Amino acid sequence: MKRTTRFALGLSAAVLFSSCADAEPEAQAPEPVATPEGVFGQAPAAMGGIPSVITLEPLGPVPSSEQDVPTEALMDQLALAFSPVHLLVRQGTTVRFQNSEVVAHNVHVSAMAGDSTVFNEDTLLGQFTSFRFDVEGGYDVKCDVHPGMTAFIFVTSAPHAVLAGIEGGFELPDVPAGEYSLELWTVEEAARSEQVIVVTDGEGTEVTLR
């Protein structure tokens with residue numbers, strides 16, 4: 001009798017274990033994808049290594065906190081390259097071009113509108129030179145000593161601006177509610193555009209720029 005009882009218990013345990021092993025695990029619900037805040041979307045991809053630029057100009061009074069403009073920025077020359085290779089600055093900013101290595105460089109800056117030289121100075125070993133950018137637009141930067149050294153600077157008066165990613169994705173997270181003029185700048189002039197958008201508190205505003 002005891003032997004039969006033990007076998008029955010063992011068989012029940014085996015069946016229970018087999019049922020648990022055959023049961024499929026419960027599928028976990030996918031985590032919700034957070035919607036970006038502010039203004040975000042897709043712009044044209046970079047052309048020739050130069051990204052698209054998105055600027056927002058408010059169509060109304062600008063809060064005093066948005067009127068603060070940085071006065072200085074740095075573009076270094078190190079390891080035979082400019083760093084950063086892409087720089088976005090507000091109009092009136094003085095950019096310091098610094099040579100942080102032991103070879104001589106120069107800084108040759110040309111306005112992309114008209115392809116005219118606006119600045120061309122040597123940067124000797126361990127030294128720097130500066131230029132104030134008062135005119136909006138895109139600028140090519142190169143070193144005549146080392147042709148492989150190139151960079152890009154964009155100057156804007158807009159209180160909200162961003163350089164899009166290489167594939168064109170962009171996000172401006174801190175944009176107060178209101179009506180704005182949104183401008184798209186790209187290397188290809190025919191692809192540049194302007195439109196009016198409305199930003200609402202607590203909601204992201206998605207924009208697709210062709």
# chains A, B, ... in the order shown; residues from 1 in each chain; ligands from 1

$ residues_around --residues "Phe97 of chain A" --least-positions-apart "4" --cutoff "7 Å" --atoms "only C-alpha atoms" --output "list in words"
Leu74, Met75, Asp76, Phe128, Thr129 and Ser130 of chain A

$ write_last_selection --atoms "all heavy atoms" --output "compact mmCIF listing (two decimals), in the first residue's frame"
# COMPACT_ATOMS: atom_id res chain seq x y z
N LEU A 74 34.27 78.31 -28.60
CA LEU A 74 35.61 77.80 -28.89
C LEU A 74 35.55 76.76 -30.00
O LEU A 74 34.70 75.88 -30.00
CB LEU A 74 36.21 77.15 -27.64
CG LEU A 74 37.56 76.43 -27.82
CD1 LEU A 74 38.66 77.43 -28.17
CD2 LEU A 74 37.92 75.65 -26.56
N MET A 75 36.49 76.88 -30.97
CA MET A 75 36.71 75.83 -31.96
C MET A 75 38.20 75.51 -31.92
O MET A 75 39.04 76.36 -32.26
CB MET A 75 36.27 76.26 -33.36
CG MET A 75 36.50 75.18 -34.42
SD MET A 75 35.74 75.55 -36.03
CE MET A 75 34.05 75.02 -35.75
N ASP A 76 38.52 74.31 -31.47
CA ASP A 76 39.91 73.92 -31.26
C ASP A 76 40.49 73.29 -32.52
O ASP A 76 39.75 72.82 -33.40
CB ASP A 76 39.98 72.92 -30.11
CG ASP A 76 41.33 72.94 -29.41
OD1 ASP A 76 42.26 73.62 -29.91
OD2 ASP A 76 41.47 72.27 -28.37
N PHE A 128 46.11 81.30 -30.35
CA PHE A 128 44.74 81.35 -30.84
C PHE A 128 44.50 82.66 -31.57
O PHE A 128 45.26 83.62 -31.45
CB PHE A 128 43.74 81.20 -29.68
CG PHE A 128 43.70 82.37 -28.75
CD1 PHE A 128 42.82 83.43 -28.98
CD2 PHE A 128 44.54 82.44 -27.66
CE1 PHE A 128 42.79 84.53 -28.14
CE2 PHE A 128 44.51 83.54 -26.80
CZ PHE A 128 43.63 84.57 -27.04
N THR A 129 43.42 82.69 -32.34
CA THR A 129 42.96 83.91 -32.99
C THR A 129 41.44 83.92 -32.90
O THR A 129 40.81 82.86 -32.77
CB THR A 129 43.43 83.97 -34.46
OG1 THR A 129 43.08 85.23 -35.02
CG2 THR A 129 42.83 82.85 -35.29
N SER A 130 40.83 85.10 -32.94
CA SER A 130 39.39 85.20 -32.71
C SER A 130 38.71 85.99 -33.81
O SER A 130 39.33 86.84 -34.47
CB SER A 130 39.11 85.87 -31.36
OG SER A 130 39.63 85.10 -30.30

$ residues_around --residues "Gly169 of chain A" --least-positions-apart "2" --cutoff "12 Å" --atoms "only C-alpha atoms" --output "VMD selection string"
chain A and resid 36 39 to 46 51 to 54 162 to 167 171 to 172 206 to 210

$ closest_residue --among "A:Glu72, A:Glu136, A:Asp174, A:Glu57" --to "Gln195 of chain A" --atoms "only C-alpha atoms"
A:Glu57

$ residues_around --residues "Asp115 of chain A" --least-positions-apart "6" --cutoff "10 Å" --atoms "only C-alpha atoms" --output "number ranges by chain"
A: 109, 139-140

$ write_last_selection --atoms "N, CA, C and O atoms" --output "compact mmCIF listing (two decimals), in the first residue's frame"
# COMPACT_ATOMS: atom_id res chain seq x y z
N VAL A 109 38.02 81.28 -43.03
CA VAL A 109 36.57 81.23 -42.92
C VAL A 109 35.94 81.94 -44.11
O VAL A 109 36.28 83.10 -44.41
N TYR A 139 28.90 79.17 -42.68
CA TYR A 139 30.30 79.50 -42.97
C TYR A 139 31.12 78.22 -43.10
O TYR A 139 31.02 77.30 -42.26
N ASP A 140 31.93 78.17 -44.15
CA ASP A 140 32.92 77.11 -44.31
C ASP A 140 34.18 77.48 -43.55
O ASP A 140 34.62 78.64 -43.60

$ select_by_dssp --residues "segment 88-175 of chain A" --states "strand (DSSP E or B)" --output "MDAnalysis selection string"
chainID A and resid 88:90 93:99 105:111 116:123 128:133 137:142 150:156 160:163 169:172

$ write_last_selection --atoms "C-alpha atoms" --output "PDB file, in the first residue's frame"
ATOM      1  CA  LEU A  88      26.054  76.677 -33.924  1.00  0.00           C
ATOM      2  CA  VAL A  89      26.332  80.185 -32.437  1.00  0.00           C
ATOM      3  CA  ARG A  90      24.139  83.195 -31.849  1.00  0.00           C
ATOM      4  CA  THR A  93      29.340  85.637 -30.804  1.00  0.00           C
ATOM      5  CA  THR A  94      33.137  85.767 -30.858  1.00  0.00           C
ATOM      6  CA  VAL A  95      34.629  82.402 -31.797  1.00  0.00           C
ATOM      7  CA  ARG A  96      38.091  81.634 -30.474  1.00  0.00           C
ATOM      8  CA  PHE A  97      40.071  79.412 -32.852  1.00  0.00           C
ATOM      9  CA  GLN A  98      42.742  77.730 -30.776  1.00  0.00           C
ATOM     10  CA  ASN A  99      45.765  75.671 -31.846  1.00  0.00           C
ATOM     11  CA  HIS A 105      47.677  75.875 -38.643  1.00  0.00           C
ATOM     12  CA  ASN A 106      45.600  78.652 -40.078  1.00  0.00           C
ATOM     13  CA  VAL A 107      41.887  79.451 -40.028  1.00  0.00           C
ATOM     14  CA  HIS A 108      40.259  80.365 -43.333  1.00  0.00           C
ATOM     15  CA  VAL A 109      36.565  81.233 -42.917  1.00  0.00           C
ATOM     16  CA  SER A 110      34.313  81.834 -45.942  1.00  0.00           C
ATOM     17  CA  ALA A 111      30.656  82.892 -46.028  1.00  0.00           C
ATOM     18  CA  SER A 116      33.629  85.129 -49.939  1.00  0.00           C
ATOM     19  CA  THR A 117      36.485  85.044 -47.427  1.00  0.00           C
ATOM     20  CA  VAL A 118      35.629  86.854 -44.198  1.00  0.00           C
ATOM     21  CA  PHE A 119      38.579  85.775 -42.069  1.00  0.00           C
ATOM     22  CA  ASN A 120      41.982  84.246 -42.776  1.00  0.00           C
ATOM     23  CA  GLU A 121      44.581  84.156 -40.019  1.00  0.00           C
ATOM     24  CA  ASP A 122      47.438  81.911 -38.880  1.00  0.00           C
ATOM     25  CA  THR A 123      47.228  80.074 -35.586  1.00  0.00           C
ATOM     26  CA  PHE A 128      44.736  81.346 -30.844  1.00  0.00           C
ATOM     27  CA  THR A 129      42.957  83.908 -32.988  1.00  0.00           C
ATOM     28  CA  SER A 130      39.394  85.196 -32.711  1.00  0.00           C
ATOM     29  CA  PHE A 131      36.609  86.456 -34.977  1.00  0.00           C
ATOM     30  CA  ARG A 132      33.212  87.981 -34.142  1.00  0.00           C
ATOM     31  CA  PHE A 133      30.350  86.644 -36.281  1.00  0.00           C
ATOM     32  CA  GLY A 137      24.249  82.308 -42.259  1.00  0.00           C
ATOM     33  CA  GLY A 138      26.503  79.341 -42.912  1.00  0.00           C
ATOM     34  CA  TYR A 139      30.304  79.496 -42.965  1.00  0.00           C
ATOM     35  CA  ASP A 140      32.920  77.106 -44.307  1.00  0.00           C
ATOM     36  CA  VAL A 141      36.024  76.732 -42.141  1.00  0.00           C
ATOM     37  CA  LYS A 142      39.266  75.205 -43.378  1.00  0.00           C
ATOM     38  CA  THR A 150      37.321  71.401 -42.518  1.00  0.00           C
ATOM     39  CA  ALA A 151      34.450  72.552 -40.289  1.00  0.00           C
ATOM     40  CA  PHE A 152      31.098  74.326 -40.432  1.00  0.00           C
ATOM     41  CA  ILE A 153      29.711  77.254 -38.435  1.00  0.00           C
ATOM     42  CA  PHE A 154      26.142  78.497 -38.544  1.00  0.00           C
ATOM     43  CA  VAL A 155      25.206  81.915 -37.148  1.00  0.00           C
ATOM     44  CA  THR A 156      21.627  82.851 -36.242  1.00  0.00           C
ATOM     45  CA  HIS A 160      15.845  78.530 -30.630  1.00  0.00           C
ATOM     46  CA  ALA A 161      18.046  76.690 -33.112  1.00  0.00           C
ATOM     47  CA  VAL A 162      19.525  73.248 -33.629  1.00  0.00           C
ATOM     48  CA  LEU A 163      21.796  71.379 -36.014  1.00  0.00           C
ATOM     49  CA  GLY A 169      16.519  63.963 -37.162  1.00  0.00           C
ATOM     50  CA  PHE A 170      16.248  66.948 -34.808  1.00  0.00           C
ATOM     51  CA  GLU A 171      14.746  68.002 -31.462  1.00  0.00           C
ATOM     52  CA  LEU A 172      14.307  71.360 -29.746  1.00  0.00           C
TER      53      LEU A 172
END

$ atom_distance --atom1 "atom CA of Ala177 of chain A" --atom2 "atom CA of Ser193 of chain A"
21.9 Å
